[in-house]
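Just start.txt here, compact mmCIF, C-alpha atoms (C1' of nucleotides):
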```
# COMPACT_ATOMS: atom_id res chain seq x y z
CA MET A 1 -58.08 20.15 -67.51
CA THR A 2 -60.39 21.73 -64.93
CA VAL A 3 -61.04 24.92 -66.83
CA GLU A 4 -60.67 27.67 -64.25
CA ASP A 5 -60.40 30.31 -66.92
CA GLY A 6 -60.88 34.04 -67.07
CA THR A 7 -62.22 34.32 -70.57
CA SER A 8 -64.59 31.44 -70.87
CA PRO A 9 -65.91 30.45 -74.30
CA THR A 10 -69.50 31.47 -73.59
CA PRO A 11 -71.90 31.84 -76.51
CA GLY A 12 -71.20 35.54 -76.25
CA TYR A 13 -73.62 37.55 -78.29
CA CYS A 14 -72.85 41.23 -77.98
CA ALA A 15 -74.76 43.10 -80.65
CA ASP A 16 -78.27 43.13 -79.29
CA THR A 17 -79.60 46.53 -78.28
CA GLY A 18 -80.64 48.36 -81.38
CA THR A 19 -79.78 51.81 -80.06
CA ASP A 20 -77.96 54.43 -82.08
CA TYR A 21 -75.01 54.61 -79.71
CA ASP A 22 -73.13 51.39 -79.25
CA VAL A 23 -73.67 50.73 -75.58
CA SER A 24 -73.14 47.03 -76.30
CA GLN A 25 -69.45 47.90 -76.22
CA TRP A 26 -69.83 48.24 -72.47
CA ASP A 27 -71.76 45.11 -71.92
CA THR A 28 -70.81 43.02 -68.95
CA ARG A 29 -71.30 39.73 -70.71
CA GLU A 30 -68.33 37.69 -71.77
CA GLY A 31 -67.69 37.95 -75.46
CA CYS A 32 -67.59 41.69 -75.22
CA GLU A 33 -64.04 42.74 -76.01
CA VAL A 34 -63.95 45.87 -73.92
CA ARG A 35 -65.19 43.96 -70.93
CA GLN A 36 -62.53 41.31 -71.35
CA ILE A 37 -59.68 43.76 -71.66
CA LEU A 38 -61.00 45.79 -68.79
CA ASP A 39 -61.22 42.70 -66.63
CA ARG A 40 -57.69 41.80 -67.55
CA VAL A 41 -56.44 45.30 -66.82
CA ALA A 42 -58.39 45.59 -63.63
CA ASP A 43 -57.55 42.38 -61.90
CA LYS A 44 -55.53 42.49 -58.80
CA TRP A 45 -52.02 42.01 -60.16
CA SER A 46 -51.97 42.65 -63.93
CA LEU A 47 -51.32 46.36 -63.69
CA LEU A 48 -48.36 45.91 -61.39
CA VAL A 49 -46.89 43.30 -63.68
CA ILE A 50 -47.33 45.49 -66.74
CA ALA A 51 -45.88 48.53 -65.01
CA LEU A 52 -42.85 46.57 -63.81
CA LEU A 53 -42.23 44.89 -67.15
CA GLU A 54 -42.27 48.10 -69.09
CA ARG A 55 -39.10 49.12 -67.32
CA ARG A 56 -37.23 45.95 -68.25
CA THR A 57 -37.41 42.20 -68.76
CA LEU A 58 -37.86 40.29 -65.52
CA ARG A 59 -37.70 36.70 -64.35
CA PHE A 60 -40.51 34.98 -62.49
CA THR A 61 -38.87 35.29 -59.11
CA GLU A 62 -37.87 38.88 -59.72
CA LEU A 63 -41.51 39.72 -60.34
CA ARG A 64 -42.52 37.69 -57.30
CA ARG A 65 -40.14 39.61 -55.07
CA ALA A 66 -40.98 42.96 -56.63
CA ILE A 67 -44.69 42.62 -56.16
CA ASP A 68 -44.88 41.75 -52.45
CA GLY A 69 -48.00 39.93 -51.49
CA VAL A 70 -48.61 38.01 -54.68
CA SER A 71 -48.78 34.25 -54.36
CA GLN A 72 -46.89 32.01 -56.75
CA ARG A 73 -50.20 30.73 -58.04
CA MET A 74 -51.68 34.14 -58.75
CA LEU A 75 -48.52 35.46 -60.38
CA ALA A 76 -48.40 32.43 -62.65
CA ARG A 77 -52.07 32.81 -63.52
CA THR A 78 -51.70 36.51 -64.19
CA LEU A 79 -48.73 35.92 -66.47
CA ARG A 80 -50.52 33.14 -68.36
CA HIS A 81 -53.47 35.46 -68.98
CA LEU A 82 -51.28 38.33 -70.13
CA GLU A 83 -49.34 35.97 -72.34
CA ARG A 84 -52.48 34.55 -73.86
CA ASP A 85 -53.70 38.03 -74.75
CA GLY A 86 -50.37 38.78 -76.40
CA LEU A 87 -49.47 41.49 -73.91
CA VAL A 88 -46.48 39.71 -72.39
CA SER A 89 -44.04 37.29 -73.96
CA ARG A 90 -42.43 34.37 -72.18
CA THR A 91 -38.96 33.08 -72.99
CA VAL A 92 -37.66 29.84 -71.54
CA TYR A 93 -33.91 29.21 -71.44
CA ALA A 94 -33.00 25.54 -71.30
CA THR A 95 -30.36 26.13 -68.66
CA VAL A 96 -29.98 24.62 -65.25
CA PRO A 97 -31.35 26.00 -63.06
CA PRO A 98 -34.15 26.95 -65.45
CA ARG A 99 -34.63 30.57 -66.37
CA VAL A 100 -37.77 32.19 -67.72
CA ASP A 101 -37.90 35.79 -68.86
CA TYR A 102 -40.99 37.90 -69.17
CA ARG A 103 -41.18 41.04 -71.21
CA LEU A 104 -43.88 43.37 -72.46
CA THR A 105 -44.78 42.96 -76.12
CA ASP A 106 -45.32 45.98 -78.35
CA LEU A 107 -49.02 45.47 -77.85
CA GLY A 108 -48.50 45.46 -74.12
CA CYS A 109 -46.57 48.71 -74.35
CA THR A 110 -49.36 50.47 -76.20
CA LEU A 111 -51.83 49.24 -73.62
CA HIS A 112 -49.61 50.60 -70.89
CA GLU A 113 -49.59 53.96 -72.63
CA THR A 114 -53.36 53.94 -72.73
CA ILE A 115 -53.67 52.98 -69.10
CA LYS A 116 -51.40 55.84 -68.21
CA SER A 117 -54.06 58.26 -69.39
CA LEU A 118 -56.29 56.87 -66.69
CA VAL A 119 -53.52 57.39 -64.17
CA THR A 120 -53.13 60.93 -65.41
CA TRP A 121 -56.85 61.52 -65.05
CA THR A 122 -56.76 60.18 -61.53
CA GLU A 123 -53.84 62.37 -60.58
CA ALA A 124 -55.56 65.40 -62.06
CA HIS A 125 -58.83 64.78 -60.25
CA GLN A 126 -57.99 63.01 -57.04
CA SER A 127 -58.52 66.09 -54.94
CA GLU A 128 -61.99 66.53 -56.42
CA ILE A 129 -62.75 62.93 -55.63
CA ALA A 130 -61.45 63.27 -52.10
CA THR A 131 -63.63 66.34 -51.60
CA ALA A 132 -66.66 64.58 -53.01
CA ARG A 133 -66.13 61.64 -50.70
CA ALA A 134 -65.68 63.83 -47.65
CA THR A 135 -68.86 65.72 -48.50
CA TYR A 136 -70.79 62.53 -49.08
CA ASP A 137 -69.56 60.92 -45.88
CA ARG A 138 -70.32 64.02 -43.85
CA ARG A 139 -73.82 64.22 -45.29
CA THR A 140 -74.66 60.55 -44.74
CA ALA A 141 -73.25 60.66 -41.23
CA ALA A 142 -75.48 63.64 -40.47
CA GLU A 143 -78.48 61.88 -41.98
CA GLN A 144 -77.83 58.79 -39.93
CA ALA A 145 -77.47 60.81 -36.74
CA GLU A 146 -80.74 62.54 -37.50
CA ALA A 147 -82.44 59.22 -38.17
CA GLU A 148 -81.22 57.87 -34.85
CA ARG A 149 -82.37 60.98 -33.03
CA ALA A 150 -85.82 60.65 -34.60
CA ALA A 151 -85.98 56.98 -33.71
CA ALA A 152 -85.04 57.74 -30.11
CA GLU A 153 -87.74 60.38 -29.94
CA ARG A 154 -90.39 58.03 -31.28
CA ASP A 155 -89.25 55.52 -28.71
CA ALA A 156 -89.52 58.05 -25.90
CA VAL A 157 -93.02 59.02 -26.98
CA ALA A 158 -94.09 55.40 -27.13
CA ARG A 159 -92.75 54.79 -23.61
CA ARG A 160 -94.53 57.83 -22.26
CA VAL A 161 -97.83 56.76 -23.79
CA LEU A 162 -97.45 53.29 -22.30
CA THR A 163 -96.65 54.75 -18.88
CA GLU A 164 -99.66 57.03 -18.99
CA LEU A 165 -101.88 54.15 -19.98
CA GLY A 166 -100.45 51.82 -17.35
CA MET B 167 -74.04 50.18 -39.73
CA THR B 168 -72.56 46.92 -41.01
CA VAL B 169 -69.88 48.49 -43.15
CA GLU B 170 -69.90 46.53 -46.38
CA ASP B 171 -67.90 49.16 -48.15
CA GLY B 172 -65.75 49.30 -51.24
CA THR B 173 -63.22 51.86 -50.16
CA SER B 174 -62.40 50.90 -46.61
CA PRO B 175 -60.41 53.35 -44.51
CA THR B 176 -57.33 51.16 -44.18
CA PRO B 177 -54.09 52.71 -42.91
CA GLY B 178 -53.10 52.90 -46.56
CA TYR B 179 -49.49 53.88 -47.00
CA CYS B 180 -48.60 54.18 -50.63
CA ALA B 181 -45.22 55.84 -50.94
CA ASP B 182 -42.83 53.07 -50.01
CA THR B 183 -40.58 51.79 -52.79
CA GLY B 184 -37.82 54.28 -53.33
CA THR B 185 -37.50 53.66 -57.05
CA ASP B 186 -37.11 56.42 -59.61
CA TYR B 187 -40.33 55.58 -61.44
CA ASP B 188 -43.43 55.73 -59.34
CA VAL B 189 -44.62 52.16 -59.46
CA SER B 190 -46.38 52.75 -56.15
CA GLN B 191 -49.04 54.43 -58.26
CA TRP B 192 -50.02 50.96 -59.38
CA ASP B 193 -50.03 49.36 -55.99
CA THR B 194 -52.85 47.00 -55.22
CA ARG B 195 -53.22 48.18 -51.63
CA GLU B 196 -56.14 50.33 -50.66
CA GLY B 197 -55.18 53.93 -50.17
CA CYS B 198 -53.68 54.02 -53.63
CA GLU B 199 -55.79 56.42 -55.67
CA VAL B 200 -55.26 54.79 -59.03
CA ARG B 201 -56.26 51.46 -57.63
CA GLN B 202 -59.43 52.87 -56.14
CA ILE B 203 -60.52 54.60 -59.32
CA LEU B 204 -59.62 51.58 -61.37
CA ASP B 205 -61.65 49.36 -59.10
CA ARG B 206 -64.56 51.74 -59.41
CA VAL B 207 -64.23 51.88 -63.19
CA ALA B 208 -63.72 48.19 -63.55
CA ASP B 209 -66.45 46.78 -61.45
CA LYS B 210 -69.17 44.89 -63.13
CA TRP B 211 -71.80 47.60 -63.58
CA SER B 212 -70.18 51.02 -63.22
CA LEU B 213 -69.14 51.30 -66.83
CA LEU B 214 -72.59 50.53 -68.10
CA VAL B 215 -74.12 53.07 -65.76
CA ILE B 216 -71.66 55.77 -66.79
CA ALA B 217 -72.14 55.05 -70.47
CA LEU B 218 -75.92 55.17 -70.16
CA LEU B 219 -75.96 58.31 -68.05
CA GLU B 220 -73.80 60.25 -70.43
CA ARG B 221 -76.59 60.09 -72.95
CA ARG B 222 -79.16 61.54 -70.58
CA THR B 223 -80.49 61.66 -67.04
CA LEU B 224 -82.15 58.43 -65.99
CA ARG B 225 -84.31 57.21 -63.13
CA PHE B 226 -83.48 54.19 -61.03
CA THR B 227 -85.89 51.89 -62.78
CA GLU B 228 -84.90 53.12 -66.21
CA LEU B 229 -81.32 52.15 -65.43
CA ARG B 230 -82.50 48.85 -64.02
CA ARG B 231 -84.41 48.03 -67.19
CA ALA B 232 -81.67 49.29 -69.48
CA ILE B 233 -78.96 47.22 -67.88
CA ASP B 234 -80.57 43.78 -67.96
CA GLY B 235 -79.15 41.42 -65.42
CA VAL B 236 -78.32 43.86 -62.67
CA SER B 237 -79.98 43.20 -59.34
CA GLN B 238 -81.67 45.99 -57.47
CA ARG B 239 -79.09 45.66 -54.74
CA MET B 240 -76.09 45.91 -57.05
CA LEU B 241 -77.48 48.84 -58.98
CA ALA B 242 -78.12 50.71 -55.74
CA ARG B 243 -74.62 49.93 -54.48
CA THR B 244 -73.03 50.94 -57.75
CA LEU B 245 -74.90 54.23 -57.79
CA ARG B 246 -73.97 54.96 -54.16
CA HIS B 247 -70.31 54.39 -54.96
CA LEU B 248 -70.40 56.56 -58.05
CA GLU B 249 -72.23 59.23 -56.13
CA ARG B 250 -69.73 59.14 -53.29
CA ASP B 251 -66.87 59.64 -55.72
CA GLY B 252 -68.65 62.62 -57.22
CA LEU B 253 -69.08 60.96 -60.61
CA VAL B 254 -72.86 60.79 -60.51
CA SER B 255 -75.37 63.10 -58.87
CA ARG B 256 -78.63 62.00 -57.34
CA THR B 257 -81.75 64.16 -57.27
CA VAL B 258 -84.78 63.20 -55.21
CA TYR B 259 -88.15 64.71 -56.07
CA ALA B 260 -90.59 64.74 -53.17
CA THR B 261 -93.44 63.56 -55.33
CA VAL B 262 -95.67 60.55 -54.99
CA PRO B 263 -94.74 58.10 -56.27
CA PRO B 264 -91.17 59.08 -55.47
CA ARG B 265 -88.82 59.95 -58.30
CA VAL B 266 -85.03 59.90 -58.24
CA ASP B 267 -82.91 61.10 -61.12
CA TYR B 268 -79.33 60.18 -61.77
CA ARG B 269 -77.03 62.14 -63.98
CA LEU B 270 -73.34 62.25 -64.73
CA THR B 271 -71.45 65.10 -63.12
CA ASP B 272 -68.84 67.08 -65.04
CA LEU B 273 -66.23 64.96 -63.32
CA GLY B 274 -68.04 61.85 -64.46
CA CYS B 275 -68.06 63.13 -68.02
CA THR B 276 -64.32 63.68 -68.08
CA LEU B 277 -63.82 60.18 -66.72
CA HIS B 278 -66.03 58.80 -69.44
CA GLU B 279 -63.89 60.60 -72.01
CA THR B 280 -60.80 58.98 -70.55
CA ILE B 281 -62.35 55.56 -70.46
CA LYS B 282 -63.23 55.92 -74.11
CA SER B 283 -59.53 55.87 -74.94
CA LEU B 284 -59.41 52.38 -73.52
CA VAL B 285 -62.38 51.43 -75.63
CA THR B 286 -60.65 52.90 -78.65
CA TRP B 287 -57.48 50.96 -77.86
CA THR B 288 -59.49 47.76 -77.55
CA GLU B 289 -61.26 48.35 -80.84
CA ALA B 290 -57.97 49.09 -82.54
CA HIS B 291 -56.25 45.99 -81.22
CA GLN B 292 -58.92 43.39 -80.74
CA SER B 293 -57.93 41.46 -83.81
CA GLU B 294 -54.35 41.26 -82.55
CA ILE B 295 -55.62 40.00 -79.24
CA ALA B 296 -57.86 37.45 -80.92
CA THR B 297 -54.92 36.23 -82.98
CA ALA B 298 -52.69 36.02 -79.93
CA ARG B 299 -55.29 34.00 -78.08
CA ALA B 300 -55.84 31.63 -80.97
CA THR B 301 -52.09 31.08 -81.29
CA TYR B 302 -51.71 30.53 -77.55
CA ASP B 303 -54.62 28.12 -77.39
CA ARG B 304 -53.40 26.16 -80.40
CA ARG B 305 -49.91 25.90 -78.92
CA THR B 306 -51.05 24.81 -75.48
CA ALA B 307 -53.48 22.31 -76.97
CA ALA B 308 -50.64 20.84 -79.00
CA GLU B 309 -48.39 20.72 -75.95
CA GLN B 310 -51.04 18.98 -73.94
CA ALA B 311 -51.67 16.42 -76.66
CA GLU B 312 -47.95 15.73 -76.83
CA ALA B 313 -47.76 15.36 -73.06
CA GLU B 314 -50.60 12.86 -73.11
CA ARG B 315 -49.01 10.91 -75.95
CA ALA B 316 -45.73 10.74 -74.02
CA ALA B 317 -47.54 9.62 -70.88
CA ALA B 318 -49.31 6.88 -72.82
CA GLU B 319 -46.00 5.72 -74.23
CA ARG B 320 -44.37 5.57 -70.80
CA ASP B 321 -47.37 3.62 -69.62
CA ALA B 322 -47.09 1.12 -72.49
CA VAL B 323 -43.40 0.60 -71.80
CA ALA B 324 -44.08 0.01 -68.12
CA ARG B 325 -46.77 -2.57 -68.92
CA ARG B 326 -44.47 -4.39 -71.34
CA VAL B 327 -41.70 -4.55 -68.77
CA LEU B 328 -44.08 -5.91 -66.17
CA THR B 329 -45.37 -8.53 -68.62
CA GLU B 330 -41.87 -9.65 -69.50
CA LEU B 331 -40.96 -9.92 -65.85
CA GLY B 332 -44.11 -11.81 -64.91
C1' DC C 333 -35.92 27.84 -60.37
C1' DG C 334 -40.35 27.90 -62.08
C1' DG C 335 -43.99 26.25 -61.99
C1' DT C 336 -48.84 22.81 -61.31
C1' DA C 337 -52.28 20.46 -58.32
C1' DT C 338 -55.09 20.51 -54.24
C1' DC C 339 -57.54 22.24 -50.49
C1' DC C 340 -60.03 25.67 -48.28
C1' DC C 341 -61.77 30.05 -46.77
C1' DC C 342 -63.88 34.36 -47.26
C1' DT C 343 -66.14 37.89 -49.54
C1' DA C 344 -68.68 39.79 -53.46
C1' DA C 345 -72.72 39.30 -55.80
C1' DG C 346 -77.42 37.13 -56.61
C1' DA C 347 -82.14 35.96 -54.74
C1' DT C 348 -85.67 37.06 -51.85
C1' DA C 349 -88.40 39.73 -48.78
C1' DC C 350 -89.72 43.77 -46.64
C1' DT C 351 -90.28 49.34 -46.05
C1' DG C 352 -90.86 54.58 -46.63
C1' DC D 353 -91.01 53.80 -57.13
C1' DA D 354 -86.84 53.36 -54.94
C1' DG D 355 -84.71 51.46 -52.15
C1' DT D 356 -82.64 48.52 -47.48
C1' DA D 357 -82.16 43.95 -44.83
C1' DT D 358 -81.20 39.22 -44.73
C1' DC D 359 -79.73 34.87 -46.40
C1' DT D 360 -77.25 31.98 -49.54
C1' DT D 361 -73.95 30.59 -52.94
C1' DA D 362 -70.05 30.72 -56.43
C1' DG D 363 -65.51 31.52 -57.23
C1' DG D 364 -61.39 34.51 -56.43
C1' DG D 365 -57.48 33.96 -54.16
C1' DG D 366 -54.19 32.33 -50.29
C1' DA D 367 -51.55 28.30 -48.20
C1' DT D 368 -49.53 24.14 -48.94
C1' DA D 369 -47.49 20.29 -51.26
C1' DC D 370 -45.51 18.33 -54.93
C1' DC D 371 -43.09 17.97 -59.97
C1' DG D 372 -39.53 18.72 -64.10
```

Starting from the file, give its structure as structure tokens.
Amino acid sequence: MTVEDGTSPTPGYCADTGTDYDVSQWDTREGCEVRQILDRVADKWSLLVIALLERRTLRFTELRRAIDGVSQRMLARTLRHLERDGLVSRTVYATVPPRVDYRLTDLGCTLHETIKSLVTWTEAHQSEIATARATYDRRTAAEQAEAERAAAERDAVARRVLTELG
Amino acid sequence: MTVEDGTSPTPGYCADTGTDYDVSQWDTREGCEVRQILDRVADKWSLLVIALLERRTLRFTELRRAIDGVSQRMLARTLRHLERDGLVSRTVYATVPPRVDYRLTDLGCTLHETIKSLVTWTEAHQSEIATARATYDRRTAAEQAEAERAAAERDAVARRVLTELG
DNA sequence: CGGTATCCCCTAAGATACTG
DNA sequence: CAGTATCTTAGGGGATACCG
């Protein structure tokens, strides 16, 4: 079967740290639900698939064309994962040529709603983020320039000393 | 400088598909804000760091010990990214031994609030997900068993034919 | 059409060692 | 203590070929 799976059946203990606040919810280890869902949500193509499917039911090839850049393999994998988690349902019609429809389940819809709040947050704060990045980049660039200047100076001093000695 | 960076300055066009609903918001390409934030939120350690820092300011080593499994390199990288995005602030005290404090910015706090809704969603639906997975796994296991049985049968028929012919 | 199976590459992340 | 630099490895993901 060559298990190349996303949610491997690791031992998965999650309740370990005896702190008052449940940080274990954020644990990176497999077996932690939040982590699993987050990984599913965050992987390269899932979001696009979910966003597209909320609008209407789509066939495999329709998704493939809509997404632009996704390989057949990755789209299939993504859909299998979403299906396994109950977020997307798969309907096969025994016609010829075969036809397979994908649609968001109710669960998938509620997840999409939740994700949207993250989108909303991003939209609301993207200018702040952009500013922060610009500031950070400017500062680090300045620091690097200064470091190089200092290094050059040390070098010059070293050369001068050697010349005087030689 | 050996740019091993998360948010590379790719050309990054985002507004392309002329559809009514802004699916481009979900695009996987760099330059898409939602994607960038999601990547930041979703990567292996960021969430843990954010969750821990909301409780109180922490030093590098405190984070390192608290997280368990993070390498020094990855923690440093994660913190640099979060700092660049303005989610975490870094304070260096010119003492000896050196001391560096990390704390969540206001922006970081609001993000944490937003992320919590995803945690809430997960908590609310994790039993549904577990059920979906169990159902899926049972079904696929059954399908595989059936496929193997059918293959064995075909094999037996083939052998019998060969025997009768020989 | 709607997929699997196979190969392969490249990068992200871990391990290790060194520095201010 | 709080990092950076360097090397190495695992696996995510693309390309290709084939199957029902």

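If you look at atom CA of Ala132 of chain A and atom CA of Ser255 of chain B, they are 10.6 Å away from each other.
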
Long-range neighbours of segment 345-351 of chain C as a list in words, 8 Å cut-off, all atoms listed in the file, 2 positions minimum in chain: Ser237 and Met240 of chain B; DT356 and DA357 of chain D

For chain C against chain A, which residues fall within 10 Å using all atoms listed in the file, given as a list in words? DC333, DG334, DG335 and DT336 of chain C

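In this model, the gap between atom CA of Lys210 of chain B and atom CA of Thr28 of chain A comes to 6.3 Å.
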
Selection: 12 Å around Leu52 of chain A, only C-alpha atoms (C1' of nucleotides), excl. self and same-chain fewer than 5 positions, as a VMD selection string: (chain A and resid 45 to 47 57 to 60 62 to 67 88 102 to 104 108 to 109 112) or (chain B and resid 185 187 to 193)
